[in-house]
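Accompanying notes for the structure given below.
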Amino acid sequence: MHRIKFVSFAIFITCVFAISAQAGALSPQAVAIAASNCTSVALLEDGSVWQWGRVCDGVEWSAPQRVDISGVRQIAAGSGHVLALKSDGTVWAWGSNSYGELGDGTNENSIEPVQVAGLTGAKAISAGKGFSLALKGDGSVWAWGSNTYGQLGKNPLSFMGSLTPIQVEGLEGVVSISCGGSHCFALQENGVLWAWGENSHGILGDGTNESQFKPVKPKIKDVKAFDAGELSHALAVKEDGSVWAWGFNYKGQLGTGGVSLSDQGRISLGREADNYNPDIVRGVSDAKAVAAGGSHSVALASDGSVWAWGSNSDGQLGLGHAGGSDVTSPTRVQGIEGVTAIAAGMYHTLALKGDGSVWAWGSNSDGQLGNASFSAASSPVPILIGPQIPTAASPTSITTTIQPSPTPQAAGANYLLVGAVCIMVALVAAAVVAAYLLLSKKAGKKP
């Protein structure tokens, strides 16, 4: 009887370890995230792309769903569409296409990826509201979609937009790009930042509120990272790790704490005052990345901590509650550490940890938190994407397990995996039993 119990226990333990090892080894982790408006996107290390939230007009996914595309190495989320850059340098797009932002030469929406026409050799992408940008390997910038405010680099009085990519004139040697609602930023290798498009609330950072279709220089130098933002404020990180902000400040998203004294000479009095010039954000340092939402701001420090400020109407600051007074100075997001990347939508925030897990908090009106519901979260919650195996969550967090229905190809792979695991378990179990019986026989015990 004891022998039967021992053998059964051995087989059980072997099964557990075998299945865990196989599943863990074959579970791709997230390597990049993107967010905009009411959508969220994740790129896994196997080149697959997963999306949740608002996909396009009338289409919402409250749980992560795999997009029918592979071989992707970079993603970007716009107000109603998504871009994907493949390893071969081609760019693909899906979602809303009212202004030609998908770049396929039409105005037809598509929930399936379509290739951006005539664009090759791309190395970076960014998506705005009704338009898109791509950076080519030669340092040139290309744009398509709406040109209402000159965001394609053309005079909007004579050029309303393009259904396919056109080159933005006056830019060369660019190494990074970012789209805002209706404006754009481009960074050159020497740390010089350029901006063009809509300039309400001084979002271009050139000291004015006049829109520009030709690139102008914001009054900031030595930039290493930046985000054009969802609406009308922008953020940047300098080489020294300091964070700078400019534009709309109605909800304290510039992080000036109420009174802003710009080092460039412009004084903005009052928490609600706009700032047409970049201004330092005090209370956060040694930053390496920033993300600007609709009316909130997020910064990632080099130690993996996340800091947020501005509006907390939907819990997008991750403070454990929603609403209340606006937060006008950086406050650390609790319950999450070891973060390597951040992204901000209109009223929600995403974070990617070093272990490949994706976390979300804030508004969930369109399923953008990916927890298979439409309930908001005021603290970071982990989101399970595809075949990932859940890890131990923070004691204050609720783990949401989501397993989208696999495609026929994925299902076939899963069946093969299960079969392989079962065979391995059977062989190991047989070996354990045989070894035990052999030892028992040598010890003079009856089988």
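Following the order of the structure tokens, first chain is A, next is B, and so on, with residues numbered from 1 inside each chain and ligands from 1 in the order they appear.
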Could you list, with a cut-off of 8 Å and counting only C-alpha atoms, the residues of region 258-338 of chain A near region 353-375 of chain A, each shown with its nearest atom pair and the distance in Å rounded to one decimal, rows sorted by chain and ascending number, as a tab-separated table?
residue	atom	partner	partner_atom	distance
A:Asp314	CA	A:Ser363	CA	5.1
A:Gly315	CA	A:Gly362	CA	4.4
A:Gln316	CA	A:Gly362	CA	3.8
A:Leu317	CA	A:Gly362	CA	7.2
A:Gly318	CA	A:Trp361	CA	6.2
A:Glu337	CA	A:Lys353	CA	7.4
A:Gly338	CA	A:Lys353	CA	5.5
Q | region 140-145 of chain A surroundings by only C-alpha atoms, 8 Å radius, close-in-sequence under 5 positions cut, as a ChimeraX atom specification | A | /A:99-103,130-135,152,161-168,171-174
Could you take the residues named above and write them with N, CA, C and O atoms, as a tab-separated table (two decimals), in the first residue's frame?
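Once everything was written out, this is selection.tsv:
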chain	number	residue	atom	x	y	z
A	99	TYR	N	-9.20	58.98	-42.67
A	99	TYR	CA	-8.33	59.99	-43.29
A	99	TYR	C	-7.19	59.37	-44.09
A	99	TYR	O	-6.27	60.07	-44.49
A	100	GLY	N	-7.25	58.05	-44.29
A	100	GLY	CA	-6.17	57.39	-45.01
A	100	GLY	C	-4.99	57.06	-44.12
A	100	GLY	O	-3.88	56.81	-44.61
A	101	GLU	N	-5.20	57.00	-42.79
A	101	GLU	CA	-4.10	56.76	-41.85
A	101	GLU	C	-3.50	55.36	-41.94
A	101	GLU	O	-2.42	55.11	-41.41
A	102	LEU	N	-4.22	54.45	-42.61
A	102	LEU	CA	-3.66	53.11	-42.80
A	102	LEU	C	-2.66	53.07	-43.96
A	102	LEU	O	-1.89	52.11	-44.08
A	103	GLY	N	-2.71	54.08	-44.80
A	103	GLY	CA	-1.71	54.20	-45.85
A	103	GLY	C	-1.79	53.20	-46.97
A	103	GLY	O	-0.81	52.99	-47.70
A	130	GLY	N	-5.63	60.10	-36.83
A	130	GLY	CA	-5.95	60.23	-38.25
A	130	GLY	C	-4.75	60.37	-39.15
A	130	GLY	O	-4.90	60.66	-40.34
A	131	PHE	N	-3.54	60.14	-38.63
A	131	PHE	CA	-2.35	60.19	-39.49
A	131	PHE	C	-1.26	59.32	-38.87
A	131	PHE	O	-1.34	58.88	-37.73
A	132	SER	N	-0.22	59.07	-39.67
A	132	SER	CA	0.87	58.17	-39.25
A	132	SER	C	2.21	58.70	-39.72
A	132	SER	O	2.30	59.46	-40.70
A	133	LEU	N	3.27	58.27	-39.01
A	133	LEU	CA	4.64	58.64	-39.37
A	133	LEU	C	5.51	57.39	-39.45
A	133	LEU	O	5.28	56.42	-38.73
A	134	ALA	N	6.53	57.46	-40.30
A	134	ALA	CA	7.53	56.40	-40.36
A	134	ALA	C	8.90	57.02	-40.57
A	134	ALA	O	9.04	58.03	-41.27
A	135	LEU	N	9.89	56.44	-39.91
A	135	LEU	CA	11.28	56.88	-40.06
A	135	LEU	C	12.02	55.81	-40.85
A	135	LEU	O	12.01	54.64	-40.48
A	152	LEU	N	1.53	66.58	-41.91
A	152	LEU	CA	2.27	65.85	-42.95
A	152	LEU	C	3.41	66.69	-43.52
A	152	LEU	O	4.12	66.24	-44.43
A	161	GLY	N	-4.43	66.14	-47.24
A	161	GLY	CA	-3.96	64.86	-46.74
A	161	GLY	C	-3.51	63.93	-47.85
A	161	GLY	O	-3.58	64.28	-49.04
A	162	SER	N	-3.03	62.75	-47.46
A	162	SER	CA	-2.54	61.78	-48.44
A	162	SER	C	-2.91	60.37	-47.98
A	162	SER	O	-2.80	60.03	-46.80
A	163	LEU	N	-3.35	59.55	-48.94
A	163	LEU	CA	-3.72	58.17	-48.65
A	163	LEU	C	-2.51	57.24	-48.66
A	163	LEU	O	-2.62	56.07	-48.28
A	164	THR	N	-1.35	57.76	-49.10
A	164	THR	CA	-0.11	56.99	-49.13
A	164	THR	C	1.02	57.87	-48.60
A	164	THR	O	0.90	59.10	-48.55
A	165	PRO	N	2.15	57.28	-48.19
A	165	PRO	CA	3.25	58.05	-47.59
A	165	PRO	C	3.86	59.10	-48.51
A	165	PRO	O	4.06	58.86	-49.70
A	166	ILE	N	4.15	60.26	-47.91
A	166	ILE	CA	4.90	61.32	-48.58
A	166	ILE	C	6.01	61.76	-47.64
A	166	ILE	O	5.88	61.65	-46.42
A	167	GLN	N	7.09	62.28	-48.19
A	167	GLN	CA	8.22	62.66	-47.34
A	167	GLN	C	7.99	64.02	-46.69
A	167	GLN	O	7.49	64.95	-47.33
A	168	VAL	N	8.33	64.13	-45.40
A	168	VAL	CA	8.26	65.40	-44.69
A	168	VAL	C	9.53	66.18	-45.03
A	168	VAL	O	10.64	65.73	-44.72
A	171	LEU	N	13.71	67.74	-43.03
A	171	LEU	CA	14.25	66.91	-41.96
A	171	LEU	C	15.25	65.91	-42.53
A	171	LEU	O	15.01	65.29	-43.57
A	172	GLU	N	16.37	65.73	-41.82
A	172	GLU	CA	17.36	64.73	-42.19
A	172	GLU	C	18.12	64.31	-40.93
A	172	GLU	O	18.14	65.01	-39.92
A	173	GLY	N	18.71	63.15	-40.98
A	173	GLY	CA	19.48	62.67	-39.85
A	173	GLY	C	18.63	62.39	-38.61
A	173	GLY	O	19.12	62.46	-37.48
A	174	VAL	N	17.37	62.05	-38.82
A	174	VAL	CA	16.46	61.80	-37.70
A	174	VAL	C	16.68	60.39	-37.15
A	174	VAL	O	16.86	59.44	-37.92
Q: List the neighbours of region 104-119 of chain A out to 9 Å using only C-alpha atoms; skip same-chain residues closer than 3 positions along the sequence, and give me the result as a PyMOL selection string.
A: chain A and resi 55-57+59+67-69+82-84+89-101+122+134+136+142+162-165
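For the residues A:Ala289, A:Ser176, A:Ser211, A:His348, ranking by smallest atom-to-atom distance to Pro156 (chain A) using only C-alpha atoms places A:Ser211 first.
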Q.
Could you check the closest approach to Glu45 (chain A) for each of A:Ala77, A:Val223, A:Ala245, A:Ala30 and tell me which residue wins, using only C-alpha atoms?
A. A:Ala30
Q) Given the choices A:Asn155, A:Leu300, A:Gly320, A:Lys221, which gets closest to Gly197 (chain A) if the distance is worked out from only C-alpha atoms? A) A:Asn155
